[in-house]
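What follows is run_36.cif (mmCIF, C-alpha atoms).
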```
data_protein
#
loop_
_atom_site.label_atom_id
_atom_site.label_comp_id
_atom_site.auth_asym_id
_atom_site.auth_seq_id
_atom_site.Cartn_x
_atom_site.Cartn_y
_atom_site.Cartn_z
CA LEU O 1 0.00 0.00 0.00
CA HIS O 2 2.82 2.36 0.88
CA SER O 3 4.52 1.85 -2.49
CA ILE O 4 1.25 2.34 -4.40
CA VAL O 5 0.43 5.59 -2.61
CA ASP O 6 3.99 6.88 -3.04
CA ALA O 7 4.16 5.93 -6.74
CA GLY O 8 2.93 9.40 -7.69
CA ILE O 9 -0.04 8.22 -9.74
CA GLY O 10 -2.65 10.17 -7.82
CA ILE O 11 -4.12 7.46 -5.62
CA ASP O 12 -5.53 8.66 -2.30
CA ALA O 13 -5.55 6.21 0.59
CA TYR O 14 -8.42 6.16 3.06
CA LEU O 15 -8.53 4.09 6.23
CA VAL O 16 -11.81 2.19 6.52
CA MET O 17 -12.85 1.81 10.14
CA SER O 18 -15.87 0.13 11.65
CA ALA O 19 -17.98 2.21 14.03
CA THR O 20 -18.56 -0.99 16.00
CA SER O 21 -14.88 -1.37 16.93
CA GLU O 22 -13.63 -0.86 20.46
CA LEU O 23 -11.10 1.87 21.20
CA THR O 24 -8.16 -0.53 21.53
CA LEU O 25 -8.80 -2.02 18.09
CA THR O 26 -9.33 1.42 16.58
CA GLN O 27 -5.96 2.54 17.98
CA GLU O 28 -4.23 -0.59 16.66
CA VAL O 29 -5.67 -0.10 13.17
CA VAL O 30 -4.62 3.54 12.96
CA ASP O 31 -1.17 2.69 14.33
CA ALA O 32 -0.75 -0.12 11.78
CA PHE O 33 -1.21 2.33 8.90
CA HIS O 34 0.78 5.28 10.31
CA LYS O 35 3.49 4.94 7.64
CA VAL O 36 1.00 5.45 4.82
CA GLU O 37 -0.08 8.99 4.02
CA LEU O 38 -3.82 8.79 4.58
CA LYS O 39 -6.24 11.23 2.99
CA GLY O 40 -8.85 10.48 5.65
CA ALA O 41 -11.04 7.87 7.25
CA ILE O 42 -14.21 6.17 6.11
CA ILE O 43 -16.38 5.10 9.02
CA THR O 44 -18.61 2.14 8.25
CA LYS O 45 -21.35 0.29 10.13
CA VAL O 46 -22.71 3.47 11.71
CA ASP O 47 -26.15 1.83 11.50
CA GLU O 48 -24.89 -1.11 13.62
CA ALA O 49 -23.01 0.90 16.26
CA THR O 50 -24.19 1.65 19.78
CA THR O 51 -21.77 4.59 20.07
CA LEU O 52 -19.35 6.51 17.87
CA GLY O 53 -17.08 7.31 20.82
CA PRO O 54 -14.27 4.78 20.24
CA VAL O 55 -13.89 5.36 16.51
CA MET O 56 -14.13 9.14 16.90
CA SER O 57 -11.53 9.06 19.70
CA GLY O 58 -9.20 7.14 17.41
CA VAL O 59 -9.48 9.54 14.49
CA ILE O 60 -9.23 12.60 16.74
CA ARG O 61 -6.12 11.31 18.54
CA HIS O 62 -4.41 10.72 15.21
CA GLU O 63 -5.77 13.89 13.60
CA LEU O 64 -7.30 11.84 10.80
CA PRO O 65 -10.18 13.63 9.07
CA VAL O 66 -13.41 11.67 8.64
CA SER O 67 -14.12 11.93 4.94
CA TYR O 68 -17.05 9.54 4.48
CA ILE O 69 -19.55 7.65 6.60
CA CYS O 70 -21.48 4.55 5.63
CA ASN O 71 -24.85 4.10 7.30
CA GLY O 72 -26.16 0.87 5.79
CA GLN O 73 -25.27 -1.92 3.42
CA ASN O 74 -26.72 -0.44 0.24
CA VAL O 75 -23.52 1.04 -1.20
CA PRO O 76 -23.19 3.47 -2.90
CA LYS O 77 -26.57 4.80 -1.69
CA ASP O 78 -25.65 4.57 2.00
CA ILE O 79 -22.19 6.14 1.76
CA ALA O 80 -21.94 9.90 2.03
CA ARG O 81 -19.41 12.63 2.58
CA ALA O 82 -18.99 13.14 6.30
CA SER O 83 -19.91 16.41 7.90
CA LYS O 84 -19.67 17.62 11.47
CA THR O 85 -23.44 18.01 11.52
CA ASP O 86 -24.08 14.44 10.36
CA LEU O 87 -21.59 12.98 12.83
CA ALA O 88 -23.11 14.97 15.70
CA LYS O 89 -26.61 13.93 14.63
CA SER O 90 -25.62 10.26 14.46
CA SER O 91 -23.97 10.49 17.89
CA ARG O 92 -27.07 12.10 19.42
CA GLN O 93 -29.31 9.41 17.90
CA LEU O 94 -27.13 6.65 19.33
CA VAL O 95 -27.19 8.25 22.80
CA TYR O 96 -30.97 8.61 22.58
CA GLN O 97 -31.37 4.97 21.54
CA ALA O 98 -29.08 3.80 24.36
CA ASN O 99 -31.10 5.81 26.88
CA ARG O 100 -34.34 4.29 25.56
CA ARG O 101 -32.91 0.76 25.84
CA GLU O 102 -31.75 1.47 29.39
CA GLN O 103 -35.12 2.91 30.38
CA HIS O 104 -36.91 -0.08 28.86
CA ALA O 105 -34.65 -2.49 30.77
CA VAL O 106 -35.38 -0.67 34.03
CA GLU O 107 -39.13 -0.84 33.34
CA ILE O 108 -38.94 -4.58 32.66
CA GLU O 109 -36.91 -5.13 35.82
CA ALA O 110 -39.43 -3.14 37.88
CA ALA O 111 -42.36 -5.05 36.37
CA GLU O 112 -40.71 -8.40 37.12
CA ALA O 113 -39.90 -7.34 40.70
CA GLY O 114 -43.36 -5.93 41.38
#
```
Let me see whether you can do it: turn the structure in this file into structure tokens.
Amino acid sequence: LHSIVDAGIGIDAYLVMSATSELTLTQEVVDAFHKVELKGAIITKVDEATTLGPVMSGVIRHELPVSYICNGQNVPKDIARASKTDLAKSSRQLVYQANRREQHAVEIEAAEAG
């Protein structure tokens, strides 16, 4: 990959990262490709993630711009240029969904106890 990118033929390299990955794996992936000049990151599986925290921490720590996000399996329809607004919106939705799941679990627990 390094020799292809450095060949001077105009190929941009993007690191594809799953939004479902844990922080440790995200760090290992970014570290593994540190020798390659990366244009940015493509975050996939946003629709399957419970949080964007680990993947966003990884790209922020390595100052890797998020260029595209993929929110579904119908590519190219579900892949789009990333924007701060879209990433914030996706993060808020995931937090909201997690809170709803937690509230539902508490309600079930209370119903079973009562």
Exercise for the section: Scan for residues within 12 Å of the point (-28.2, 1.8, 21.2) in the coordinates of the file, using all atoms listed in the file, and reply as JSON, numbers by chain. Expected result: {"O": [20, 46, 47, 48, 49, 50, 51, 52, 90, 91, 92, 93, 94, 95, 96, 97, 98, 99, 100, 101, 102, 103, 104]}
Problem - Nearest residue to Ile43 (chain O) from the set O:Arg81, O:Gly10, O:Leu23, O:Asp31 (distances using only C-alpha atoms) - result: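 The closest residue to Ile43 (chain O) is O:Arg81.
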Quick one: which residues end up in the PyMOL selection byres ((chain O and resi 55-60) around 12) for this structure, as a PDB file with C-alpha atoms, in the frame of the given file?
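What landed in result_21.pdb:
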```pdb
ATOM      1  CA  TYR O  14      -8.420   6.160   3.060  1.00  0.00           C
ATOM      2  CA  LEU O  15      -8.530   4.090   6.230  1.00  0.00           C
ATOM      3  CA  VAL O  16     -11.810   2.190   6.520  1.00  0.00           C
ATOM      4  CA  MET O  17     -12.850   1.810  10.140  1.00  0.00           C
ATOM      5  CA  SER O  18     -15.870   0.130  11.650  1.00  0.00           C
ATOM      6  CA  ALA O  19     -17.980   2.210  14.030  1.00  0.00           C
ATOM      7  CA  THR O  20     -18.560  -0.990  16.000  1.00  0.00           C
ATOM      8  CA  SER O  21     -14.880  -1.370  16.930  1.00  0.00           C
ATOM      9  CA  GLU O  22     -13.630  -0.860  20.460  1.00  0.00           C
ATOM     10  CA  LEU O  23     -11.100   1.870  21.200  1.00  0.00           C
ATOM     11  CA  THR O  24      -8.160  -0.530  21.530  1.00  0.00           C
ATOM     12  CA  LEU O  25      -8.800  -2.020  18.090  1.00  0.00           C
ATOM     13  CA  THR O  26      -9.330   1.420  16.580  1.00  0.00           C
ATOM     14  CA  GLN O  27      -5.960   2.540  17.980  1.00  0.00           C
ATOM     15  CA  GLU O  28      -4.230  -0.590  16.660  1.00  0.00           C
ATOM     16  CA  VAL O  29      -5.670  -0.100  13.170  1.00  0.00           C
ATOM     17  CA  VAL O  30      -4.620   3.540  12.960  1.00  0.00           C
ATOM     18  CA  ASP O  31      -1.170   2.690  14.330  1.00  0.00           C
ATOM     19  CA  HIS O  34       0.780   5.280  10.310  1.00  0.00           C
ATOM     20  CA  LEU O  38      -3.820   8.790   4.580  1.00  0.00           C
ATOM     21  CA  GLY O  40      -8.850  10.480   5.650  1.00  0.00           C
ATOM     22  CA  ALA O  41     -11.040   7.870   7.250  1.00  0.00           C
ATOM     23  CA  ILE O  42     -14.210   6.170   6.110  1.00  0.00           C
ATOM     24  CA  ILE O  43     -16.380   5.100   9.020  1.00  0.00           C
ATOM     25  CA  THR O  44     -18.610   2.140   8.250  1.00  0.00           C
ATOM     26  CA  LYS O  45     -21.350   0.290  10.130  1.00  0.00           C
ATOM     27  CA  VAL O  46     -22.710   3.470  11.710  1.00  0.00           C
ATOM     28  CA  ALA O  49     -23.010   0.900  16.260  1.00  0.00           C
ATOM     29  CA  THR O  50     -24.190   1.650  19.780  1.00  0.00           C
ATOM     30  CA  THR O  51     -21.770   4.590  20.070  1.00  0.00           C
ATOM     31  CA  LEU O  52     -19.350   6.510  17.870  1.00  0.00           C
ATOM     32  CA  GLY O  53     -17.080   7.310  20.820  1.00  0.00           C
ATOM     33  CA  PRO O  54     -14.270   4.780  20.240  1.00  0.00           C
ATOM     34  CA  ARG O  61      -6.120  11.310  18.540  1.00  0.00           C
ATOM     35  CA  HIS O  62      -4.410  10.720  15.210  1.00  0.00           C
ATOM     36  CA  GLU O  63      -5.770  13.890  13.600  1.00  0.00           C
ATOM     37  CA  LEU O  64      -7.300  11.840  10.800  1.00  0.00           C
ATOM     38  CA  PRO O  65     -10.180  13.630   9.070  1.00  0.00           C
ATOM     39  CA  VAL O  66     -13.410  11.670   8.640  1.00  0.00           C
ATOM     40  CA  SER O  67     -14.120  11.930   4.940  1.00  0.00           C
ATOM     41  CA  ILE O  69     -19.550   7.650   6.600  1.00  0.00           C
ATOM     42  CA  LYS O  84     -19.670  17.620  11.470  1.00  0.00           C
ATOM     43  CA  LEU O  87     -21.590  12.980  12.830  1.00  0.00           C
ATOM     44  CA  ALA O  88     -23.110  14.970  15.700  1.00  0.00           C
ATOM     45  CA  SER O  90     -25.620  10.260  14.460  1.00  0.00           C
ATOM     46  CA  SER O  91     -23.970  10.490  17.890  1.00  0.00           C
TER      47      SER O  91
END
```
Problem - Interatomic distance (Å, one decimal) between CA of Val36 (chain O) and CA of Asp6 (chain O) - result: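 These atoms are spaced 8.5 Å apart.
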Practice task
Could you jot down the CA of Leu1 (chain O) to CA of Tyr68 (chain O) separation for me, Å, one decimal place?
Solution key: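 Interatomic distance, CA of Leu1 (chain O) to CA of Tyr68 (chain O): 20.0 Å.
In this model, the gap between CA of Lys39 (chain O) and CA of Ile11 (chain O) comes to 9.6 Å.
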